[in-house]
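Listing of data00.cif; format and content: mmCIF, N, CA and C atoms and all ligand atoms.
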data_final
loop_
_atom_site.label_atom_id
_atom_site.label_comp_id
_atom_site.auth_asym_id
_atom_site.auth_seq_id
_atom_site.Cartn_x
_atom_site.Cartn_y
_atom_site.Cartn_z
N MET A 470 -21.22 21.87 84.51
CA MET A 470 -20.91 20.96 83.41
C MET A 470 -21.78 21.31 82.19
N THR A 471 -21.15 21.46 81.05
CA THR A 471 -21.92 21.78 79.84
C THR A 471 -22.64 20.53 79.34
N ASP A 472 -23.63 20.75 78.49
CA ASP A 472 -24.31 19.62 77.87
C ASP A 472 -23.33 18.80 77.04
N ILE A 473 -22.41 19.49 76.39
CA ILE A 473 -21.43 18.79 75.56
C ILE A 473 -20.54 17.91 76.43
N GLN A 474 -20.10 18.44 77.56
CA GLN A 474 -19.26 17.64 78.46
C GLN A 474 -20.03 16.45 79.02
N SER A 475 -21.28 16.68 79.35
CA SER A 475 -22.11 15.61 79.87
C SER A 475 -22.32 14.51 78.82
N LEU A 476 -22.55 14.92 77.57
CA LEU A 476 -22.68 13.95 76.48
C LEU A 476 -21.38 13.17 76.28
N THR A 477 -20.27 13.90 76.29
CA THR A 477 -18.97 13.24 76.11
C THR A 477 -18.73 12.24 77.24
N ASP A 478 -19.03 12.62 78.44
CA ASP A 478 -18.87 11.69 79.58
C ASP A 478 -19.70 10.42 79.37
N PHE A 479 -20.93 10.61 78.90
CA PHE A 479 -21.81 9.47 78.63
C PHE A 479 -21.19 8.54 77.57
N LEU A 480 -20.65 9.15 76.50
CA LEU A 480 -20.03 8.36 75.43
C LEU A 480 -18.80 7.61 75.92
N ILE A 481 -18.00 8.28 76.73
CA ILE A 481 -16.78 7.65 77.24
C ILE A 481 -17.14 6.48 78.17
N GLU A 482 -18.17 6.67 78.96
CA GLU A 482 -18.64 5.58 79.84
C GLU A 482 -19.12 4.39 78.99
N PHE A 483 -19.89 4.70 77.96
CA PHE A 483 -20.39 3.66 77.03
C PHE A 483 -19.20 2.90 76.42
N ARG A 484 -18.20 3.68 75.96
CA ARG A 484 -17.01 3.09 75.34
C ARG A 484 -16.23 2.24 76.34
N ASP A 485 -16.01 2.78 77.52
CA ASP A 485 -15.16 2.09 78.49
C ASP A 485 -15.80 0.81 79.02
N GLU A 486 -17.14 0.80 79.13
CA GLU A 486 -17.82 -0.43 79.57
C GLU A 486 -17.53 -1.57 78.60
N ARG A 487 -17.26 -1.22 77.35
CA ARG A 487 -17.04 -2.23 76.30
C ARG A 487 -15.56 -2.44 75.96
N HIS A 488 -14.70 -1.72 76.68
CA HIS A 488 -13.24 -1.79 76.45
C HIS A 488 -12.90 -1.45 75.00
N TRP A 489 -13.54 -0.42 74.49
CA TRP A 489 -13.31 -0.01 73.10
C TRP A 489 -12.28 1.10 72.95
N ALA A 490 -11.79 1.63 74.04
CA ALA A 490 -10.81 2.72 73.94
C ALA A 490 -9.61 2.28 73.11
N GLN A 491 -9.28 0.99 73.21
CA GLN A 491 -8.13 0.46 72.46
C GLN A 491 -8.28 0.65 70.95
N PHE A 492 -9.51 0.79 70.46
CA PHE A 492 -9.76 0.95 69.02
C PHE A 492 -9.89 2.42 68.61
N HIS A 493 -10.01 3.29 69.60
CA HIS A 493 -10.38 4.68 69.31
C HIS A 493 -9.18 5.61 69.22
N ASN A 494 -8.26 5.29 68.30
CA ASN A 494 -7.18 6.23 68.01
C ASN A 494 -7.73 7.29 67.05
N SER A 495 -6.97 8.36 66.86
CA SER A 495 -7.46 9.48 66.02
C SER A 495 -7.73 9.04 64.59
N LYS A 496 -6.87 8.19 64.04
CA LYS A 496 -7.07 7.73 62.66
C LYS A 496 -8.43 7.03 62.51
N ASP A 497 -8.69 6.08 63.37
CA ASP A 497 -9.93 5.31 63.22
C ASP A 497 -11.17 6.12 63.59
N LEU A 498 -11.03 7.03 64.54
CA LEU A 498 -12.18 7.90 64.85
C LEU A 498 -12.48 8.82 63.67
N ALA A 499 -11.44 9.34 63.03
CA ALA A 499 -11.64 10.22 61.86
C ALA A 499 -12.26 9.44 60.71
N ILE A 500 -11.79 8.22 60.50
CA ILE A 500 -12.36 7.39 59.43
C ILE A 500 -13.82 7.07 59.74
N ALA A 501 -14.10 6.69 60.97
CA ALA A 501 -15.48 6.37 61.35
C ALA A 501 -16.39 7.59 61.17
N LEU A 502 -15.90 8.76 61.54
CA LEU A 502 -16.67 9.99 61.37
C LEU A 502 -17.00 10.20 59.89
N SER A 503 -16.00 10.00 59.06
CA SER A 503 -16.17 10.19 57.62
C SER A 503 -17.16 9.17 57.04
N ILE A 504 -17.08 7.94 57.50
CA ILE A 504 -18.00 6.89 57.03
C ILE A 504 -19.43 7.22 57.44
N GLU A 505 -19.61 7.68 58.67
CA GLU A 505 -20.96 8.03 59.12
C GLU A 505 -21.50 9.23 58.33
N ALA A 506 -20.62 10.19 58.00
CA ALA A 506 -21.04 11.33 57.17
C ALA A 506 -21.45 10.83 55.79
N ALA A 507 -20.74 9.83 55.28
CA ALA A 507 -21.09 9.24 53.99
C ALA A 507 -22.45 8.53 54.07
N GLU A 508 -22.72 7.89 55.20
CA GLU A 508 -24.03 7.23 55.37
C GLU A 508 -25.15 8.27 55.39
N LEU A 509 -24.87 9.43 55.95
CA LEU A 509 -25.85 10.53 55.91
C LEU A 509 -26.04 11.00 54.46
N ASN A 510 -24.94 11.15 53.76
CA ASN A 510 -25.00 11.54 52.33
C ASN A 510 -25.79 10.52 51.52
N GLU A 511 -25.61 9.24 51.84
CA GLU A 511 -26.23 8.17 51.06
C GLU A 511 -27.76 8.29 51.04
N ILE A 512 -28.32 8.81 52.11
CA ILE A 512 -29.78 8.97 52.18
C ILE A 512 -30.27 9.86 51.04
N PHE A 513 -29.44 10.82 50.64
CA PHE A 513 -29.83 11.78 49.61
C PHE A 513 -29.26 11.46 48.23
N LEU A 514 -28.45 10.42 48.17
CA LEU A 514 -27.78 10.09 46.92
C LEU A 514 -28.78 9.82 45.80
N TRP A 515 -28.56 10.43 44.67
CA TRP A 515 -29.34 10.28 43.44
C TRP A 515 -30.73 10.93 43.52
N LYS A 516 -31.01 11.61 44.60
CA LYS A 516 -32.30 12.31 44.69
C LYS A 516 -32.18 13.64 43.94
N LYS A 517 -33.24 14.00 43.25
CA LYS A 517 -33.26 15.28 42.55
C LYS A 517 -33.49 16.38 43.57
N ALA A 518 -33.08 17.60 43.25
CA ALA A 518 -33.21 18.73 44.18
C ALA A 518 -34.64 18.86 44.69
N GLU A 519 -35.60 18.65 43.79
CA GLU A 519 -37.01 18.81 44.20
C GLU A 519 -37.50 17.65 45.08
N GLU A 520 -36.70 16.60 45.22
CA GLU A 520 -37.09 15.46 46.06
C GLU A 520 -36.53 15.55 47.49
N VAL A 521 -35.61 16.48 47.69
CA VAL A 521 -34.89 16.53 48.97
C VAL A 521 -35.82 16.76 50.16
N GLU A 522 -36.76 17.67 50.03
CA GLU A 522 -37.66 17.95 51.15
C GLU A 522 -38.49 16.72 51.52
N GLU A 523 -38.90 15.96 50.52
CA GLU A 523 -39.66 14.74 50.79
C GLU A 523 -38.78 13.71 51.50
N VAL A 524 -37.54 13.59 51.05
CA VAL A 524 -36.60 12.67 51.70
C VAL A 524 -36.40 13.07 53.16
N GLU A 525 -36.28 14.37 53.41
CA GLU A 525 -36.11 14.86 54.80
C GLU A 525 -37.26 14.37 55.68
N LYS A 526 -38.47 14.37 55.13
CA LYS A 526 -39.64 13.94 55.91
C LYS A 526 -39.69 12.42 56.06
N VAL A 527 -39.56 11.73 54.93
CA VAL A 527 -39.71 10.27 54.93
C VAL A 527 -38.59 9.57 55.70
N GLU A 528 -37.40 10.11 55.59
CA GLU A 528 -36.22 9.47 56.18
C GLU A 528 -35.76 10.16 57.47
N GLN A 529 -36.66 10.86 58.13
CA GLN A 529 -36.27 11.66 59.29
C GLN A 529 -35.54 10.84 60.36
N GLN A 530 -36.03 9.64 60.65
CA GLN A 530 -35.39 8.83 61.69
C GLN A 530 -34.00 8.36 61.26
N LYS A 531 -33.90 7.95 60.00
CA LYS A 531 -32.60 7.51 59.49
C LYS A 531 -31.60 8.67 59.49
N ILE A 532 -32.07 9.85 59.08
CA ILE A 532 -31.22 11.05 59.09
C ILE A 532 -30.75 11.34 60.52
N ALA A 533 -31.68 11.25 61.48
CA ALA A 533 -31.32 11.50 62.89
C ALA A 533 -30.28 10.49 63.37
N ASP A 534 -30.47 9.23 63.00
CA ASP A 534 -29.52 8.19 63.42
C ASP A 534 -28.13 8.43 62.84
N GLU A 535 -28.07 8.77 61.56
CA GLU A 535 -26.75 8.97 60.94
C GLU A 535 -26.08 10.25 61.45
N LEU A 536 -26.88 11.30 61.64
CA LEU A 536 -26.31 12.53 62.21
C LEU A 536 -25.79 12.26 63.62
N ALA A 537 -26.53 11.48 64.40
CA ALA A 537 -26.07 11.12 65.74
C ALA A 537 -24.74 10.38 65.67
N ASP A 538 -24.61 9.46 64.71
CA ASP A 538 -23.34 8.74 64.55
C ASP A 538 -22.19 9.71 64.26
N VAL A 539 -22.44 10.67 63.38
CA VAL A 539 -21.41 11.67 63.04
C VAL A 539 -21.02 12.46 64.30
N LEU A 540 -22.02 12.91 65.04
CA LEU A 540 -21.75 13.73 66.23
C LEU A 540 -21.05 12.93 67.32
N VAL A 541 -21.42 11.66 67.45
CA VAL A 541 -20.76 10.79 68.44
C VAL A 541 -19.27 10.71 68.14
N TYR A 542 -18.94 10.41 66.88
CA TYR A 542 -17.52 10.29 66.55
C TYR A 542 -16.80 11.63 66.62
N ALA A 543 -17.50 12.71 66.30
CA ALA A 543 -16.88 14.04 66.42
C ALA A 543 -16.56 14.34 67.88
N LEU A 544 -17.48 14.03 68.77
CA LEU A 544 -17.24 14.28 70.20
C LEU A 544 -16.13 13.39 70.73
N MET A 545 -16.11 12.14 70.28
CA MET A 545 -15.06 11.23 70.75
C MET A 545 -13.69 11.63 70.20
N PHE A 546 -13.68 12.14 68.96
CA PHE A 546 -12.42 12.62 68.39
C PHE A 546 -11.92 13.83 69.18
N ALA A 547 -12.82 14.73 69.49
CA ALA A 547 -12.43 15.92 70.27
C ALA A 547 -11.89 15.49 71.64
N HIS A 548 -12.57 14.55 72.28
CA HIS A 548 -12.12 14.06 73.59
C HIS A 548 -10.73 13.45 73.49
N ARG A 549 -10.54 12.61 72.50
CA ARG A 549 -9.25 11.94 72.30
C ARG A 549 -8.11 12.95 72.15
N ASN A 550 -8.42 14.09 71.49
CA ASN A 550 -7.40 15.09 71.20
C ASN A 550 -7.39 16.26 72.18
N GLY A 551 -8.13 16.12 73.26
CA GLY A 551 -8.14 17.16 74.29
C GLY A 551 -8.67 18.49 73.79
N LEU A 552 -9.60 18.45 72.83
CA LEU A 552 -10.15 19.68 72.25
C LEU A 552 -11.48 20.02 72.91
N ASP A 553 -11.61 21.26 73.32
CA ASP A 553 -12.87 21.73 73.89
C ASP A 553 -13.79 22.13 72.73
N VAL A 554 -14.89 21.42 72.60
CA VAL A 554 -15.77 21.58 71.43
C VAL A 554 -16.29 23.02 71.30
N GLU A 555 -16.75 23.57 72.40
CA GLU A 555 -17.28 24.94 72.31
C GLU A 555 -16.19 25.93 71.88
N THR A 556 -15.00 25.77 72.43
CA THR A 556 -13.90 26.67 72.10
C THR A 556 -13.51 26.55 70.62
N ILE A 557 -13.36 25.32 70.14
CA ILE A 557 -12.91 25.18 68.74
C ILE A 557 -13.99 25.64 67.75
N ILE A 558 -15.26 25.44 68.11
CA ILE A 558 -16.33 25.93 67.22
C ILE A 558 -16.34 27.46 67.21
N ARG A 559 -16.24 28.06 68.38
CA ARG A 559 -16.26 29.54 68.43
C ARG A 559 -15.05 30.12 67.69
N GLU A 560 -13.88 29.50 67.88
CA GLU A 560 -12.68 30.00 67.20
C GLU A 560 -12.80 29.84 65.68
N LYS A 561 -13.33 28.71 65.24
CA LYS A 561 -13.46 28.48 63.79
C LYS A 561 -14.50 29.42 63.17
N MET A 562 -15.59 29.64 63.90
CA MET A 562 -16.61 30.54 63.37
C MET A 562 -16.12 31.98 63.33
N LYS A 563 -15.22 32.34 64.24
CA LYS A 563 -14.61 33.67 64.19
C LYS A 563 -13.80 33.81 62.89
N LYS A 564 -13.02 32.75 62.59
CA LYS A 564 -12.26 32.76 61.32
C LYS A 564 -13.22 32.82 60.13
N ASN A 565 -14.29 32.02 60.18
CA ASN A 565 -15.27 32.03 59.08
C ASN A 565 -15.89 33.42 58.91
N GLY A 566 -16.14 34.08 60.05
CA GLY A 566 -16.71 35.43 60.00
C GLY A 566 -15.77 36.41 59.33
N GLU A 567 -14.48 36.21 59.53
CA GLU A 567 -13.49 37.08 58.88
C GLU A 567 -13.39 36.77 57.38
N LYS A 568 -13.54 35.48 57.04
CA LYS A 568 -13.49 35.09 55.62
C LYS A 568 -14.77 35.49 54.88
N TYR A 569 -15.85 35.47 55.63
CA TYR A 569 -17.17 35.75 55.03
C TYR A 569 -17.85 36.90 55.76
N PRO A 570 -17.34 38.13 55.58
CA PRO A 570 -18.00 39.26 56.25
C PRO A 570 -19.42 39.43 55.73
N VAL A 571 -20.33 39.80 56.62
CA VAL A 571 -21.74 39.89 56.28
C VAL A 571 -21.96 40.77 55.05
N ASP A 572 -21.27 41.90 54.98
CA ASP A 572 -21.52 42.83 53.88
C ASP A 572 -21.12 42.25 52.52
N LYS A 573 -20.22 41.28 52.51
CA LYS A 573 -19.81 40.66 51.24
C LYS A 573 -20.52 39.34 50.97
N ALA A 574 -20.83 38.62 52.03
CA ALA A 574 -21.31 37.23 51.86
C ALA A 574 -22.82 37.06 51.98
N LYS A 575 -23.49 38.07 52.45
CA LYS A 575 -24.94 37.94 52.72
C LYS A 575 -25.69 37.48 51.47
N GLY A 576 -26.40 36.37 51.59
CA GLY A 576 -27.23 35.86 50.50
C GLY A 576 -26.45 35.20 49.38
N LYS A 577 -25.15 35.01 49.57
CA LYS A 577 -24.32 34.41 48.52
C LYS A 577 -23.75 33.07 48.99
N ALA A 578 -23.63 32.12 48.07
CA ALA A 578 -23.02 30.84 48.38
C ALA A 578 -21.63 30.76 47.77
N THR A 579 -21.04 31.91 47.54
CA THR A 579 -19.74 32.00 46.88
C THR A 579 -18.62 31.71 47.87
N LYS A 580 -17.58 30.99 47.42
CA LYS A 580 -16.43 30.72 48.28
C LYS A 580 -15.71 32.04 48.60
N TYR A 581 -15.11 32.09 49.81
CA TYR A 581 -14.55 33.34 50.31
C TYR A 581 -13.54 33.99 49.35
N ASP A 582 -12.79 33.19 48.62
CA ASP A 582 -11.78 33.78 47.74
C ASP A 582 -12.38 34.30 46.43
N GLN A 583 -13.68 34.11 46.27
CA GLN A 583 -14.37 34.61 45.08
C GLN A 583 -15.29 35.79 45.42
N LEU A 584 -15.34 36.16 46.69
CA LEU A 584 -16.25 37.26 47.08
C LEU A 584 -15.75 38.60 46.59
MG MG A 601 -24.39 4.95 60.74
#
Will you turn the file into structure tokens for me?
Amino acid sequence: MTDIQSLTDFLIEFRDERHWAQFHNSKDLAIALSIEAAELNEIFLWKKAEEVEEVEKVEQQKIADELADVLVYALMFAHRNGLDVETIIREKMKKNGEKYPVDKAKGKATKYDQL
């Protein structure tokens, strides 16, 4: 059993003990994921670039909590849709590697169609 599968099992058990599966359709899981990502963004909202490292230190626990929320909903969304997390990440990164070949993208933050 992978760590990801073990985590997903833990989340599903947590959900099922509370009879929350009825609320966890793809639409609401996607919305919840997006809201939690926004809560992560909110920690950095209006901070100047030179303040970001300080925010990372001062708000470390809050950042961890919000990132955990994002990952929880991502795992539950994957479970709901029968998606194997490791497989979809590897497949997507293969596509990203083709869009961003090392020789063209190294050290650049340019979008693939501008390389
Ligand atoms: Mg949250």
Determine, counting only C-alpha atoms, which protein, DNA and RNA residues have an atom within 12 Å of an atom of Asp534 (chain A); residues of the same chain fewer than 3 positions away are not included. Present the result as a list in words.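 Result of the neighbour search: Glu505, Ala506, Glu508, Leu509, Ile512, Glu528, Gln529, Gln530, Lys531, Ala537, Asp538, Val539, Leu540 and Val541 of chain A.
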Only N, CA and C atoms, please: the residues just picked out, written as a compact mmCIF listing (two decimals), in the coordinates of the input.
# COMPACT_ATOMS: atom_id res chain seq x y z
N GLU A 505 -19.61 7.68 58.67
CA GLU A 505 -20.96 8.03 59.12
C GLU A 505 -21.50 9.23 58.33
N ALA A 506 -20.62 10.19 58.00
CA ALA A 506 -21.04 11.33 57.17
C ALA A 506 -21.45 10.83 55.79
N GLU A 508 -22.72 7.89 55.20
CA GLU A 508 -24.03 7.23 55.37
C GLU A 508 -25.15 8.27 55.39
N LEU A 509 -24.87 9.43 55.95
CA LEU A 509 -25.85 10.53 55.91
C LEU A 509 -26.04 11.00 54.46
N ILE A 512 -28.32 8.81 52.11
CA ILE A 512 -29.78 8.97 52.18
C ILE A 512 -30.27 9.86 51.04
N GLU A 528 -37.40 10.11 55.59
CA GLU A 528 -36.22 9.47 56.18
C GLU A 528 -35.76 10.16 57.47
N GLN A 529 -36.66 10.86 58.13
CA GLN A 529 -36.27 11.66 59.29
C GLN A 529 -35.54 10.84 60.36
N GLN A 530 -36.03 9.64 60.65
CA GLN A 530 -35.39 8.83 61.69
C GLN A 530 -34.00 8.36 61.26
N LYS A 531 -33.90 7.95 60.00
CA LYS A 531 -32.60 7.51 59.49
C LYS A 531 -31.60 8.67 59.49
N ALA A 537 -26.53 11.48 64.40
CA ALA A 537 -26.07 11.12 65.74
C ALA A 537 -24.74 10.38 65.67
N ASP A 538 -24.61 9.46 64.71
CA ASP A 538 -23.34 8.74 64.55
C ASP A 538 -22.19 9.71 64.26
N VAL A 539 -22.44 10.67 63.38
CA VAL A 539 -21.41 11.67 63.04
C VAL A 539 -21.02 12.46 64.30
N LEU A 540 -22.02 12.91 65.04
CA LEU A 540 -21.75 13.73 66.23
C LEU A 540 -21.05 12.93 67.32
N VAL A 541 -21.42 11.66 67.45
CA VAL A 541 -20.76 10.79 68.44
C VAL A 541 -19.27 10.71 68.14
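Distance-wise, CA of Ala543 (chain A) and CA of Leu502 (chain A) end up 6.5 Å apart.
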Of the listed residues A:Lys580, A:Glu522, A:Asp478, A:Ile504, that which approaches ligand MG 601 (chain A) most closely, counting all atoms listed in the file: A:Ile504
Selected residue, from A:Leu584, A:Val521, A:Ala501, A:Phe546, that lies nearest to ligand MG 601 (chain A) when counting only C-alpha atoms and all ligand atoms: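 Among A:Leu584, A:Val521, A:Ala501, A:Phe546, it is A:Ala501 that comes nearest to ligand MG 601 (chain A).
Nearest-residue note for ligand MG 601 (chain A): choosing from A:Glu535, A:Asn550, A:Lys561, A:Leu480, the minimum distance belongs to A:Glu535, counting all atoms listed in the file.
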Can you work out which one of A:Leu552, A:Val571, A:Met545, A:Ala507 has the shortest atom-to-atom distance to ligand MG 601 (chain A), counting all atoms listed in the file? A:Ala507
One residue among A:Leu536, A:Ala574, A:Ile558, A:Ile500 is nearest to ligand MG 601 (chain A) when using all atoms listed in the file, and that residue is A:Leu536
Could you find all residues in chain A that DSSP calls helix (DSSP H, G or I) from the backbone, and write them as number ranges by chain? A: 472-486, 490-492, 495-513, 518-527, 529-549, 554-568, 571-574, 581-583
Proximity to Arg549 (chain A) - best of A:Trp515, A:Glu482, A:Ser475, A:Asn494, only C-alpha atoms: A:Asn494
Excluding Ile481 (chain A) and its own-chain neighbours fewer than 3 positions away, which residues fall within 12 Å of it when counting only C-alpha atoms? Please give them as a ChimeraX atom specification. /A:474-478,484-490,493,541-542,544-549
Please produce a file of those selected residues containing N, CA and C atoms, as a PDB file, keeping the file's coordinate frame.
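Okay, this is what ended up in part.pdb:
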ATOM      1  N   GLN A 474     -20.100  18.440  77.560  1.00  0.00           N
ATOM      2  CA  GLN A 474     -19.260  17.640  78.460  1.00  0.00           C
ATOM      3  C   GLN A 474     -20.030  16.450  79.020  1.00  0.00           C
ATOM      4  N   SER A 475     -21.280  16.680  79.350  1.00  0.00           N
ATOM      5  CA  SER A 475     -22.110  15.610  79.870  1.00  0.00           C
ATOM      6  C   SER A 475     -22.320  14.510  78.820  1.00  0.00           C
ATOM      7  N   LEU A 476     -22.550  14.920  77.570  1.00  0.00           N
ATOM      8  CA  LEU A 476     -22.680  13.950  76.480  1.00  0.00           C
ATOM      9  C   LEU A 476     -21.380  13.170  76.280  1.00  0.00           C
ATOM     10  N   THR A 477     -20.270  13.900  76.290  1.00  0.00           N
ATOM     11  CA  THR A 477     -18.970  13.240  76.110  1.00  0.00           C
ATOM     12  C   THR A 477     -18.730  12.240  77.240  1.00  0.00           C
ATOM     13  N   ASP A 478     -19.030  12.620  78.440  1.00  0.00           N
ATOM     14  CA  ASP A 478     -18.870  11.690  79.580  1.00  0.00           C
ATOM     15  C   ASP A 478     -19.700  10.420  79.370  1.00  0.00           C
ATOM     16  N   ARG A 484     -18.200   3.680  75.960  1.00  0.00           N
ATOM     17  CA  ARG A 484     -17.010   3.090  75.340  1.00  0.00           C
ATOM     18  C   ARG A 484     -16.230   2.240  76.340  1.00  0.00           C
ATOM     19  N   ASP A 485     -16.010   2.780  77.520  1.00  0.00           N
ATOM     20  CA  ASP A 485     -15.160   2.090  78.490  1.00  0.00           C
ATOM     21  C   ASP A 485     -15.800   0.810  79.020  1.00  0.00           C
ATOM     22  N   GLU A 486     -17.140   0.800  79.130  1.00  0.00           N
ATOM     23  CA  GLU A 486     -17.820  -0.430  79.570  1.00  0.00           C
ATOM     24  C   GLU A 486     -17.530  -1.570  78.600  1.00  0.00           C
ATOM     25  N   ARG A 487     -17.260  -1.220  77.350  1.00  0.00           N
ATOM     26  CA  ARG A 487     -17.040  -2.230  76.300  1.00  0.00           C
ATOM     27  C   ARG A 487     -15.560  -2.440  75.960  1.00  0.00           C
ATOM     28  N   HIS A 488     -14.700  -1.720  76.680  1.00  0.00           N
ATOM     29  CA  HIS A 488     -13.240  -1.790  76.450  1.00  0.00           C
ATOM     30  C   HIS A 488     -12.900  -1.450  75.000  1.00  0.00           C
ATOM     31  N   TRP A 489     -13.540  -0.420  74.490  1.00  0.00           N
ATOM     32  CA  TRP A 489     -13.310  -0.010  73.100  1.00  0.00           C
ATOM     33  C   TRP A 489     -12.280   1.100  72.950  1.00  0.00           C
ATOM     34  N   ALA A 490     -11.790   1.630  74.040  1.00  0.00           N
ATOM     35  CA  ALA A 490     -10.810   2.720  73.940  1.00  0.00           C
ATOM     36  C   ALA A 490      -9.610   2.280  73.110  1.00  0.00           C
ATOM     37  N   HIS A 493     -10.010   3.290  69.600  1.00  0.00           N
ATOM     38  CA  HIS A 493     -10.380   4.680  69.310  1.00  0.00           C
ATOM     39  C   HIS A 493      -9.180   5.610  69.220  1.00  0.00           C
ATOM     40  N   VAL A 541     -21.420  11.660  67.450  1.00  0.00           N
ATOM     41  CA  VAL A 541     -20.760  10.790  68.440  1.00  0.00           C
ATOM     42  C   VAL A 541     -19.270  10.710  68.140  1.00  0.00           C
ATOM     43  N   TYR A 542     -18.940  10.410  66.880  1.00  0.00           N
ATOM     44  CA  TYR A 542     -17.520  10.290  66.550  1.00  0.00           C
ATOM     45  C   TYR A 542     -16.800  11.630  66.620  1.00  0.00           C
ATOM     46  N   LEU A 544     -17.480  14.030  68.770  1.00  0.00           N
ATOM     47  CA  LEU A 544     -17.240  14.280  70.200  1.00  0.00           C
ATOM     48  C   LEU A 544     -16.130  13.390  70.730  1.00  0.00           C
ATOM     49  N   MET A 545     -16.110  12.140  70.280  1.00  0.00           N
ATOM     50  CA  MET A 545     -15.060  11.230  70.750  1.00  0.00           C
ATOM     51  C   MET A 545     -13.690  11.630  70.200  1.00  0.00           C
ATOM     52  N   PHE A 546     -13.680  12.140  68.960  1.00  0.00           N
ATOM     53  CA  PHE A 546     -12.420  12.620  68.390  1.00  0.00           C
ATOM     54  C   PHE A 546     -11.920  13.830  69.180  1.00  0.00           C
ATOM     55  N   ALA A 547     -12.820  14.730  69.490  1.00  0.00           N
ATOM     56  CA  ALA A 547     -12.430  15.920  70.270  1.00  0.00           C
ATOM     57  C   ALA A 547     -11.890  15.490  71.640  1.00  0.00           C
ATOM     58  N   HIS A 548     -12.570  14.550  72.280  1.00  0.00           N
ATOM     59  CA  HIS A 548     -12.120  14.060  73.590  1.00  0.00           C
ATOM     60  C   HIS A 548     -10.730  13.450  73.490  1.00  0.00           C
ATOM     61  N   ARG A 549     -10.540  12.610  72.500  1.00  0.00           N
ATOM     62  CA  ARG A 549      -9.250  11.940  72.300  1.00  0.00           C
ATOM     63  C   ARG A 549      -8.110  12.950  72.150  1.00  0.00           C
TER      64      ARG A 549
END
Atom C of Leu498 (chain A) to atom C of Ile532 (chain A), straight-line distance in Å: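 Pair atom C of Ile532 (chain A) / atom C of Leu498 (chain A) returns 18.7 Å.
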Hey, can you check how far CA of Val527 (chain A) sits from CA of Asn510 (chain A)? 15.0 Å
